[in-house]
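Okay, upload-v5.cif is below, mmCIF, C-alpha atoms:
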data_target
#
loop_
_atom_site.group_PDB
_atom_site.id
_atom_site.type_symbol
_atom_site.label_atom_id
_atom_site.label_comp_id
_atom_site.auth_asym_id
_atom_site.auth_seq_id
_atom_site.Cartn_x
_atom_site.Cartn_y
_atom_site.Cartn_z
ATOM 1 C CA CYS C 1 -24.694 9.682 -3.075
ATOM 2 C CA GLU C 2 -22.399 6.752 -3.578
ATOM 3 C CA SER C 3 -20.702 8.043 -6.702
ATOM 4 C CA ARG C 4 -20.123 11.505 -5.324
ATOM 5 C CA ARG C 5 -18.623 10.067 -2.221
ATOM 6 C CA TRP C 6 -16.406 7.890 -4.341
ATOM 7 C CA ARG C 7 -15.176 10.878 -6.306
ATOM 8 C CA TYR C 8 -14.448 12.858 -3.172
ATOM 9 C CA GLY C 9 -12.612 9.952 -1.663
ATOM 10 C CA GLY C 10 -10.530 9.611 -4.785
ATOM 11 C CA ALA C 11 -9.615 13.258 -4.928
ATOM 12 C CA LEU C 12 -8.790 13.292 -1.251
ATOM 13 C CA HIS C 13 -6.441 10.394 -1.389
ATOM 14 C CA ALA C 14 -4.666 11.882 -4.368
ATOM 15 C CA ARG C 15 -4.118 14.913 -2.164
ATOM 16 C CA GLU C 16 -2.896 12.836 0.691
ATOM 17 C CA VAL C 17 -0.355 11.121 -1.479
ATOM 18 C CA GLY C 18 0.788 14.505 -2.623
ATOM 19 C CA ALA C 19 1.022 15.626 0.965
ATOM 20 C CA SER C 20 3.041 12.605 1.946
ATOM 21 C CA GLY C 21 6.145 14.245 0.601
ATOM 22 C CA ALA C 22 7.030 11.677 -1.998
ATOM 23 C CA ARG C 23 5.914 14.073 -4.622
ATOM 24 C CA ALA C 24 5.225 17.772 -4.536
ATOM 25 C CA LYS C 25 3.731 19.202 -1.394
ATOM 26 C CA VAL C 26 0.079 20.071 -1.375
ATOM 27 C CA SER C 27 -1.236 23.267 0.150
ATOM 28 C CA LEU C 28 -2.879 22.959 3.532
ATOM 29 C CA SER C 29 -5.871 25.004 2.459
ATOM 30 C CA ALA C 30 -6.545 22.706 -0.454
ATOM 31 C CA PHE C 31 -6.478 19.704 1.822
ATOM 32 C CA ALA C 32 -8.638 21.416 4.415
ATOM 33 C CA LEU C 33 -11.165 22.408 1.782
ATOM 34 C CA LEU C 34 -11.360 18.901 0.390
ATOM 35 C CA PHE C 35 -11.710 17.371 3.816
ATOM 36 C CA SER C 36 -14.429 19.761 4.879
ATOM 37 C CA GLU C 37 -16.312 19.073 1.675
ATOM 38 C CA LEU C 38 -15.985 15.393 2.413
ATOM 39 C CA VAL C 39 -17.383 15.737 5.909
ATOM 40 C CA GLN C 40 -20.236 17.913 4.741
ATOM 41 C CA HIS C 41 -21.105 15.473 2.038
ATOM 42 C CA CYS C 42 -21.094 12.564 4.458
ATOM 43 C CA GLN C 43 -23.271 14.556 6.789
ATOM 44 C CA SER C 44 -25.849 14.991 4.071
ATOM 45 C CA CYS C 45 -26.013 11.254 3.562
ATOM 46 C CA VAL C 46 -26.622 10.120 7.095
ATOM 47 C CA PHE C 47 -28.990 10.822 9.957
ATOM 48 C CA LEU C 48 -26.985 9.766 12.977
ATOM 49 C CA VAL C 49 -23.611 10.914 14.182
ATOM 50 C CA ALA C 50 -22.428 7.366 14.617
ATOM 51 C CA GLU C 51 -23.091 6.640 10.967
ATOM 52 C CA LEU C 52 -20.960 9.595 10.018
ATOM 53 C CA GLN C 53 -18.006 7.929 11.688
ATOM 54 C CA VAL C 54 -18.717 4.773 9.751
ATOM 55 C CA HIS C 55 -18.826 6.573 6.434
ATOM 56 C CA LEU C 56 -15.643 8.455 7.116
ATOM 57 C CA ALA C 57 -13.935 5.235 8.073
ATOM 58 C CA ALA C 58 -15.058 3.604 4.833
ATOM 59 C CA LEU C 59 -13.554 6.435 2.842
ATOM 60 C CA GLY C 60 -10.390 6.263 4.881
ATOM 61 C CA ARG C 61 -10.143 2.597 4.060
ATOM 62 C CA GLN C 62 -10.147 3.303 0.350
ATOM 63 C CA VAL C 63 -7.445 5.880 0.787
ATOM 64 C CA GLY C 64 -5.340 3.568 2.914
ATOM 65 C CA ALA C 65 -5.426 0.771 0.392
ATOM 66 C CA HIS C 66 -4.049 2.991 -2.314
ATOM 67 C CA VAL C 67 -1.592 4.821 -0.203
ATOM 68 C CA LEU C 68 0.196 1.921 1.475
ATOM 69 C CA ASP C 69 2.550 1.290 -1.421
ATOM 70 C CA ALA C 70 3.232 4.957 -1.938
ATOM 71 C CA LEU C 71 4.276 5.398 1.672
ATOM 72 C CA VAL C 72 6.549 2.388 1.658
ATOM 73 C CA ALA C 73 8.197 3.360 -1.600
ATOM 74 C CA SER C 74 8.854 6.875 -0.418
ATOM 75 C CA GLU C 75 10.473 5.701 2.780
ATOM 76 C CA LYS C 76 14.119 4.930 2.065
ATOM 77 C CA GLY C 77 15.281 1.571 3.223
ATOM 78 C CA ALA C 78 11.813 0.367 4.022
ATOM 79 C CA GLN C 79 11.395 -3.344 4.272
ATOM 80 C CA ARG C 80 8.503 -5.723 4.244
ATOM 81 C CA GLU C 81 6.888 -5.859 7.619
ATOM 82 C CA THR C 82 6.595 -9.404 8.846
ATOM 83 C CA LYS C 83 6.018 -8.560 12.478
ATOM 84 C CA VAL C 84 3.001 -6.846 13.966
ATOM 85 C CA LEU C 85 5.154 -4.336 15.774
ATOM 86 C CA GLY C 86 6.967 -3.408 12.585
ATOM 87 C CA ALA C 87 3.710 -2.700 10.805
ATOM 88 C CA LEU C 88 2.467 -0.574 13.691
ATOM 89 C CA LEU C 89 5.664 1.424 13.737
ATOM 90 C CA LEU C 90 5.345 2.045 10.043
ATOM 91 C CA VAL C 91 1.842 3.345 10.599
ATOM 92 C CA LYS C 92 2.935 5.516 13.471
ATOM 93 C CA GLY C 93 5.962 6.939 11.708
ATOM 94 C CA ALA C 94 5.435 7.206 7.999
ATOM 95 C CA MET C 95 1.740 7.774 7.939
ATOM 96 C CA TRP C 96 1.609 10.330 10.675
ATOM 97 C CA LYS C 97 4.477 12.169 9.052
ATOM 98 C CA ALA C 98 2.302 12.638 6.021
ATOM 99 C CA PHE C 99 0.004 14.601 8.295
ATOM 100 C CA GLY C 100 2.669 16.651 9.995
ATOM 101 C CA LYS C 101 4.709 14.913 12.617
ATOM 102 C CA GLU C 102 5.041 11.553 14.287
ATOM 103 C CA ALA C 103 2.338 10.333 16.593
ATOM 104 C CA ASN C 104 3.099 10.658 20.235
ATOM 105 C CA LYS C 105 2.602 7.231 21.691
ATOM 106 C CA LEU C 106 2.091 3.632 20.771
ATOM 107 C CA GLU C 107 0.858 1.452 23.609
ATOM 108 C CA GLN C 108 -0.365 -2.043 24.163
ATOM 109 C CA ALA C 109 -3.348 -2.801 26.344
ATOM 110 C CA ASN C 110 -2.558 -4.648 29.544
ATOM 111 C CA ASP C 111 -5.231 -7.247 29.527
ATOM 112 C CA ASP C 112 -5.548 -7.999 25.848
ATOM 113 C CA ALA C 113 -2.584 -8.807 23.637
ATOM 114 C CA CYS C 114 -4.568 -8.041 20.528
ATOM 115 C CA THR C 115 -5.229 -4.400 21.318
ATOM 116 C CA PHE C 116 -2.965 -1.446 20.760
ATOM 117 C CA TYR C 117 -3.442 2.267 21.150
ATOM 118 C CA ILE C 118 -1.940 5.063 19.145
ATOM 119 C CA ILE C 119 -2.238 8.409 20.837
ATOM 120 C CA GLY C 120 -1.431 11.682 19.245
ATOM 121 C CA ARG C 121 -2.728 14.914 17.971
ATOM 122 C CA GLN C 122 -3.917 15.052 14.445
ATOM 123 C CA PRO C 123 -2.534 18.356 13.303
ATOM 124 C CA LEU C 124 -4.122 18.447 9.906
ATOM 125 C CA ILE C 125 -7.363 16.621 10.264
ATOM 126 C CA ASN C 126 -8.873 18.347 13.251
ATOM 127 C CA THR C 127 -7.333 21.769 12.794
ATOM 128 C CA TYR C 128 -10.171 23.295 10.902
ATOM 129 C CA ILE C 129 -12.994 21.180 12.224
ATOM 130 C CA SER C 130 -15.060 22.550 15.061
ATOM 131 C CA VAL C 131 -17.646 20.232 16.525
ATOM 132 C CA PRO C 132 -20.936 21.582 17.913
ATOM 133 C CA LYS C 133 -21.568 20.872 21.592
ATOM 134 C CA GLU C 134 -24.287 18.307 21.115
ATOM 135 C CA ASP C 135 -22.078 16.124 18.961
ATOM 136 C CA SER C 136 -19.169 16.195 21.338
ATOM 137 C CA ARG C 137 -18.546 12.514 20.955
ATOM 138 C CA PHE C 138 -17.888 12.819 17.282
ATOM 139 C CA ASN C 139 -14.405 12.836 15.916
ATOM 140 C CA CYS C 140 -13.103 13.251 12.428
ATOM 141 C CA ALA C 141 -10.335 10.908 13.332
ATOM 142 C CA GLY C 142 -12.667 8.226 12.068
ATOM 143 C CA PHE C 143 -11.125 8.999 8.725
ATOM 144 C CA THR C 144 -7.639 8.317 10.026
ATOM 145 C CA ALA C 145 -8.917 5.154 11.628
ATOM 146 C CA GLY C 146 -10.040 3.969 8.224
ATOM 147 C CA ILE C 147 -6.661 4.666 6.693
ATOM 148 C CA VAL C 148 -4.830 2.808 9.427
ATOM 149 C CA GLU C 149 -7.171 -0.137 9.161
ATOM 150 C CA ALA C 150 -6.627 -0.442 5.425
ATOM 151 C CA MET C 151 -2.872 -0.174 5.752
ATOM 152 C CA LEU C 152 -2.721 -2.916 8.344
ATOM 153 C CA THR C 153 -5.158 -5.204 6.582
ATOM 154 C CA HIS C 154 -3.403 -4.973 3.249
ATOM 155 C CA SER C 155 -0.044 -5.675 4.850
ATOM 156 C CA GLY C 156 -1.427 -8.961 6.035
ATOM 157 C CA PHE C 157 -2.520 -8.093 9.599
ATOM 158 C CA PRO C 158 -6.304 -7.989 9.660
ATOM 159 C CA ALA C 159 -7.452 -5.484 12.238
ATOM 160 C CA LYS C 160 -10.305 -3.243 13.298
ATOM 161 C CA VAL C 161 -9.524 0.345 14.144
ATOM 162 C CA THR C 162 -11.775 2.752 15.989
ATOM 163 C CA ALA C 163 -11.240 6.336 17.024
ATOM 164 C CA ARG C 164 -11.912 7.609 20.488
ATOM 165 C CA TRP C 165 -11.678 11.014 21.934
ATOM 166 C CA HIS C 166 -9.694 11.329 25.092
ATOM 167 C CA LYS C 167 -7.564 14.336 25.817
ATOM 168 C CA ASP C 168 -5.890 13.612 22.546
ATOM 169 C CA THR C 169 -7.176 11.517 19.749
ATOM 170 C CA THR C 170 -6.799 7.848 20.441
ATOM 171 C CA LEU C 171 -6.940 5.117 17.858
ATOM 172 C CA MET C 172 -7.778 1.706 19.216
ATOM 173 C CA ILE C 173 -6.403 -1.065 17.037
ATOM 174 C CA LYS C 174 -7.711 -4.551 17.553
ATOM 175 C CA PHE C 175 -6.045 -7.339 15.661
ATOM 176 C CA GLU C 176 -7.711 -10.584 14.874
ATOM 177 C CA GLU C 177 -6.745 -13.618 16.902
ATOM 178 C CA ALA C 178 -4.835 -15.200 14.061
ATOM 179 C CA VAL C 179 -2.423 -12.299 13.897
ATOM 180 C CA ILE C 180 -1.229 -12.430 17.462
ATOM 181 C CA ALA C 181 -1.170 -16.173 17.994
ATOM 182 C CA MET X 1 17.476 -6.749 -21.293
ATOM 183 C CA ALA X 2 14.499 -8.271 -19.620
ATOM 184 C CA VAL X 3 12.492 -10.523 -21.872
ATOM 185 C CA CYS X 4 9.440 -10.811 -19.680
ATOM 186 C CA ILE X 5 8.031 -8.785 -16.812
ATOM 187 C CA ALA X 6 5.026 -9.778 -14.738
ATOM 188 C CA VAL X 7 3.126 -8.203 -11.862
ATOM 189 C CA ILE X 8 1.262 -10.707 -9.712
ATOM 190 C CA ALA X 9 -1.387 -9.819 -7.159
ATOM 191 C CA LYS X 10 -1.562 -10.990 -3.575
ATOM 192 C CA GLU X 11 -3.917 -13.814 -4.489
ATOM 193 C CA ASN X 12 -1.494 -15.016 -7.162
ATOM 194 C CA TYR X 13 -3.300 -13.968 -10.273
ATOM 195 C CA PRO X 14 -1.551 -11.800 -12.830
ATOM 196 C CA LEU X 15 -2.184 -8.086 -12.918
ATOM 197 C CA TYR X 16 0.142 -7.477 -15.807
ATOM 198 C CA ILE X 17 2.321 -9.653 -18.039
ATOM 199 C CA ARG X 18 4.411 -8.394 -20.907
ATOM 200 C CA SER X 19 7.024 -10.290 -22.904
ATOM 201 C CA ALA X 20 9.374 -9.271 -25.652
ATOM 202 C CA PRO X 21 7.474 -9.728 -28.871
ATOM 203 C CA THR X 22 9.876 -12.005 -30.658
ATOM 204 C CA GLU X 23 9.559 -14.908 -28.281
ATOM 205 C CA ASN X 24 6.985 -17.525 -27.576
ATOM 206 C CA GLU X 25 4.779 -15.845 -24.974
ATOM 207 C CA LEU X 26 3.218 -18.967 -23.529
ATOM 208 C CA LYS X 27 6.578 -20.299 -22.425
ATOM 209 C CA PHE X 28 7.147 -17.182 -20.359
ATOM 210 C CA HIS X 29 3.724 -17.358 -18.825
ATOM 211 C CA TYR X 30 4.528 -20.857 -17.630
ATOM 212 C CA MET X 31 7.901 -19.795 -16.272
ATOM 213 C CA VAL X 32 6.345 -16.973 -14.305
ATOM 214 C CA HIS X 33 3.715 -19.319 -12.971
ATOM 215 C CA THR X 34 6.239 -21.843 -11.750
ATOM 216 C CA SER X 35 8.364 -19.146 -10.190
ATOM 217 C CA LEU X 36 5.467 -18.200 -7.923
ATOM 218 C CA ASP X 37 6.148 -21.269 -5.830
ATOM 219 C CA VAL X 38 9.703 -20.171 -5.282
ATOM 220 C CA VAL X 39 8.532 -16.709 -4.329
ATOM 221 C CA ASP X 40 6.114 -18.101 -1.794
ATOM 222 C CA GLU X 41 8.821 -20.220 -0.309
ATOM 223 C CA LYS X 42 11.099 -17.240 0.058
ATOM 224 C CA ILE X 43 8.574 -15.038 1.736
ATOM 225 C CA SER X 44 7.134 -17.581 4.091
ATOM 226 C CA ALA X 45 8.183 -16.690 7.583
ATOM 227 C CA MET X 46 9.090 -20.239 8.428
ATOM 228 C CA GLY X 47 11.999 -20.368 6.018
ATOM 229 C CA LYS X 48 15.573 -20.509 7.147
ATOM 230 C CA ALA X 49 16.962 -17.322 8.565
ATOM 231 C CA LEU X 50 19.739 -17.027 5.996
ATOM 232 C CA VAL X 51 17.904 -14.561 3.819
ATOM 233 C CA ASP X 52 16.796 -11.357 5.480
ATOM 234 C CA GLN X 53 13.102 -12.025 5.785
ATOM 235 C CA ARG X 54 12.073 -8.438 5.485
ATOM 236 C CA GLU X 55 13.963 -7.525 2.357
ATOM 237 C CA LEU X 56 11.854 -6.489 -0.624
ATOM 238 C CA TYR X 57 14.234 -7.748 -3.302
ATOM 239 C CA LEU X 58 14.218 -11.545 -3.432
ATOM 240 C CA GLY X 59 17.077 -12.115 -5.825
ATOM 241 C CA LEU X 60 17.569 -14.906 -8.326
ATOM 242 C CA LEU X 61 14.654 -17.288 -8.027
ATOM 243 C CA TYR X 62 15.914 -20.000 -10.315
ATOM 244 C CA PRO X 63 18.116 -20.251 -13.387
ATOM 245 C CA THR X 64 17.296 -22.279 -16.476
ATOM 246 C CA GLU X 65 19.665 -22.888 -19.339
ATOM 247 C CA ASP X 66 18.484 -19.900 -21.347
ATOM 248 C CA TYR X 67 16.981 -17.618 -18.789
ATOM 249 C CA LYS X 68 17.214 -16.399 -15.236
ATOM 250 C CA VAL X 69 14.216 -15.420 -13.168
ATOM 251 C CA TYR X 70 14.331 -12.691 -10.532
ATOM 252 C CA GLY X 71 11.723 -11.777 -7.946
ATOM 253 C CA TYR X 72 10.681 -8.816 -5.815
ATOM 254 C CA VAL X 73 7.792 -8.477 -3.417
ATOM 255 C CA THR X 74 6.137 -5.358 -2.006
ATOM 256 C CA ASN X 75 4.597 -4.615 1.345
ATOM 257 C CA SER X 76 1.140 -5.439 0.119
ATOM 258 C CA LYS X 77 2.301 -8.844 -1.141
ATOM 259 C CA VAL X 78 2.250 -7.839 -4.783
ATOM 260 C CA LYS X 79 5.031 -9.675 -6.565
ATOM 261 C CA PHE X 80 7.147 -8.605 -9.490
ATOM 262 C CA VAL X 81 8.780 -11.330 -11.552
ATOM 263 C CA MET X 82 11.366 -10.610 -14.192
ATOM 264 C CA VAL X 83 12.776 -13.072 -16.720
ATOM 265 C CA VAL X 84 16.160 -12.148 -18.118
ATOM 266 C CA ASP X 85 18.130 -13.594 -20.994
ATOM 267 C CA SER X 86 21.151 -15.527 -19.758
ATOM 268 C CA SER X 87 23.181 -14.957 -22.858
ATOM 269 C CA ASN X 88 23.312 -11.255 -22.085
ATOM 270 C CA THR X 89 26.612 -10.400 -20.430
ATOM 271 C CA ALA X 90 25.655 -11.057 -16.883
ATOM 272 C CA LEU X 91 23.579 -8.196 -15.598
ATOM 273 C CA ARG X 92 24.870 -7.208 -12.235
ATOM 274 C CA ASP X 93 22.700 -7.502 -9.172
ATOM 275 C CA ASN X 94 22.636 -3.736 -8.791
ATOM 276 C CA GLU X 95 21.143 -3.267 -12.197
ATOM 277 C CA ILE X 96 18.412 -5.756 -11.487
ATOM 278 C CA ARG X 97 17.714 -4.024 -8.195
ATOM 279 C CA SER X 98 17.433 -0.661 -9.874
ATOM 280 C CA MET X 99 15.095 -2.085 -12.491
ATOM 281 C CA PHE X 100 12.879 -3.447 -9.763
ATOM 282 C CA ARG X 101 12.971 -0.130 -7.978
ATOM 283 C CA LYS X 102 11.762 1.612 -11.109
ATOM 284 C CA LEU X 103 9.028 -0.985 -11.440
ATOM 285 C CA HIS X 104 7.984 -0.420 -7.850
ATOM 286 C CA ASN X 105 7.823 3.324 -8.321
ATOM 287 C CA SER X 106 5.726 2.979 -11.445
ATOM 288 C CA TYR X 107 3.466 0.522 -9.692
ATOM 289 C CA THR X 108 3.022 2.991 -6.861
ATOM 290 C CA ASP X 109 2.011 5.601 -9.389
ATOM 291 C CA VAL X 110 -0.591 3.229 -10.755
ATOM 292 C CA MET X 111 -1.875 2.563 -7.235
ATOM 293 C CA CYS X 112 -2.212 6.259 -6.544
ATOM 294 C CA ASN X 113 -4.682 6.656 -9.338
ATOM 295 C CA PRO X 114 -7.989 7.042 -7.503
ATOM 296 C CA PHE X 115 -9.857 5.308 -10.271
ATOM 297 C CA TYR X 116 -7.724 2.209 -10.063
ATOM 298 C CA ASN X 117 -9.150 -0.491 -7.817
ATOM 299 C CA PRO X 118 -6.477 -2.642 -6.228
ATOM 300 C CA GLY X 119 -6.885 -6.013 -7.870
ATOM 301 C CA ASP X 120 -7.751 -4.870 -11.365
ATOM 302 C CA ARG X 121 -5.568 -5.490 -14.365
ATOM 303 C CA ILE X 122 -3.101 -2.683 -14.895
ATOM 304 C CA GLN X 123 -3.987 -0.711 -17.960
ATOM 305 C CA SER X 124 -1.988 2.446 -17.439
ATOM 306 C CA ARG X 125 -0.118 3.635 -20.482
ATOM 307 C CA ALA X 126 2.643 5.204 -18.428
ATOM 308 C CA PHE X 127 3.313 1.893 -16.734
ATOM 309 C CA ASP X 128 3.281 0.195 -20.116
ATOM 310 C CA ASN X 129 5.785 2.628 -21.557
ATOM 311 C CA MET X 130 8.101 2.189 -18.617
ATOM 312 C CA VAL X 131 8.026 -1.576 -18.944
ATOM 313 C CA MET X 132 8.592 -1.433 -22.693
ATOM 314 C CA SER X 133 11.573 0.818 -22.155
ATOM 315 C CA MET X 134 13.069 -1.738 -19.783
ATOM 316 C CA MET X 135 12.630 -4.531 -22.260
ATOM 317 C CA VAL X 136 13.973 -3.007 -25.416
ATOM 318 C CA GLN X 137 17.058 -1.389 -24.060
ATOM 319 C CA VAL X 138 19.560 -3.596 -25.834
ATOM 320 C CA CYS X 139 18.449 -4.479 -29.306
#
Would you kindly transcribe this structure into structure tokens?
Amino acid sequence: CESRRWRYGGALHAREVGASGARAKVSLSAFALLFSELVQHCQSCVFLVAELQVHLAALGRQVGAHVLDALVASEKGAQRETKVLGALLLVKGAMWKAFGKEANKLEQANDDACTFYIIGRQPLINTYISVPKEDSRFNCAGFTAGIVEAMLTHSGFPAKVTARWHKDTTLMIKFEEAVIA
Amino acid sequence: MAVCIAVIAKENYPLYIRSAPTENELKFHYMVHTSLDVVDEKISAMGKALVDQRELYLGLLYPTEDYKVYGYVTNSKVKFVMVVDSSNTALRDNEIRSMFRKLHNSYTDVMCNPFYNPGDRIQSRAFDNMVMSMMVQVC
């Protein structure tokens, strides 16, 4: 189970890099096929819906680690992000562009300086995924959450990212204390 | 042109070191090691605000009588260090920048390999060939 998942994750992130525009474009159907295979495979490994999110996030993390440099290199005039806000904007702009267009909103929680929200539709990820009624809480954006988490952590801002399902997909990003202080 | 090129990971261990074959390799390893301190000083956020803190290219780290050492750091804190022969008619800053850009692009290609775990030694032949081409240009 582990090795197959690893192979899928590898193939998927190679696709995502291709889709990020730095190199040749990748066909949408190829990406959709790979992603659906990935979800099906994860489903065969787990028993609970919540675990599925966890597995997808783990795969997303692998992808994010590899893809961070590719995204930065392909973005002209990109600089090292030394501020939290800069890193978040990079995630919102460059990474979302790889999936289609920029995310809609980046917000900060009122009560907690460590928490941020990114709200936006995920044009590619959820286009071809239909969720059965009983699993209505489930969201394939767990994969995106994993990617974002890896990108932030490898840039030097340790964070935990979870995906929630509001009207649009919401990613909740929680930085560790040391980052904000 | 360059006599030694090194890629250093975030935790300051080398991912890749290659020097021109005619020279004493150990000397270059030491030079790269000592230059890491200078790199850390440049990227620490508490430094003076003269240098643009967010720039990737770090510039000349320190000159010795025979060699000059240049540095470059990526978003994921992977550092590239390049040792250049001083006797060569002074390479302009732009050329160094473009060499680092090529290095960065090749490194990104290595990272994109799904079978490469970040933190392993770099064993890609394409990366190797690119580095060798940068070192043997003027011979």
*List the residues matched by the PyMOL selection byres ((chain X and resi 99-113) around 6) in the displayed structure as a list in words, ordered by chain and then by residue number.*
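What the PyMOL selection byres ((chain X and resi 99-113) around 6) grabs from the file is His66, Asp69 and Ala70 of chain C; Ile96, Arg97, Ser98, Pro114, Phe115, Tyr116 and Phe127 of chain X.
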*Interatomic distance between CA of Ala6 (chain X) and CA of Glu25 (chain X)?*
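We find that CA of Ala6 (chain X) and CA of Glu25 (chain X) lie 11.9 Å from each other.
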*Give the answer as one residue: which of X:Ile122, X:Leu61, X:Met134, X:Ile43 has the shortest atom-to-atom distance to chain C, using all atoms listed in the file?*
X:Ile43
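Across the structure, CA of Ile5 (chain X) and CA of Phe28 (chain X) are spaced 9.2 Å apart.
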_Atom-to-atom span, CA of Gly71 (chain X) and CA of His33 (chain X), Å_ = 12.1 Å
*Near His154 (chain C), within 10 Å and counting all atoms listed in the file, which residues show up once chain neighbours fewer than 4 positions away are dropped, as an NGL selection string?*
(:C and (64-66 or 68-69 or 149-150 or 158-159)) or (:X and (10 or 75-77))
*asked:* I need the output of the PyMOL selection byres ((chain X and resi 9) around 12) for this file as a PyMOL selection string; which residues are they?
replied: (chain C and resi 154) or (chain X and resi 6-8+10-17+36+73-81+107+118-122)
*Which residues fall under the PyMOL selection byres ((chain X and resi 83) around 6) in this file, as a ChimeraX atom specification?*
/X:2-4,68-69,82,84
*So which one's closest to chain C, X:Ser44, X:Thr64, X:Asn94, X:Asn129? Using all atoms listed in the file, please.*
X:Ser44
*Given the choices C:Ala50, C:Val63, C:Val91, C:Ile118, which gets closest to chain X if the distance is worked out from all atoms listed in the file?*
C:Val63
*Identify which of the residues C:Lys160, C:His41, C:Arg61, C:His55 lies closest to Cys114 (chain C), counting only C-alpha atoms when measuring atom-to-atom distances.*
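The closest residue to Cys114 (chain C) is C:Lys160.
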*Which of these, C:Lys92, C:Ala145, C:Thr162, C:Leu38, has the shortest distance to Leu71 (chain C) once you count all atoms listed in the file?*
C:Lys92
Let me have the centre and edge lengths in Å, one decimal, of the box along x, y and z around every listed atom of region 76-87 of chain X with 3 Å of margin on each side, as AutoDock Vina command-line options.
--center_x 12.2 --center_y -10.5 --center_z -11.4 --size_x 28.0 --size_y 16.1 --size_z 29.0
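Proximity of X:Val32, X:Val39, X:Ala126, X:Leu56 to chain C, computed with all atoms listed in the file, is greatest for X:Leu56.
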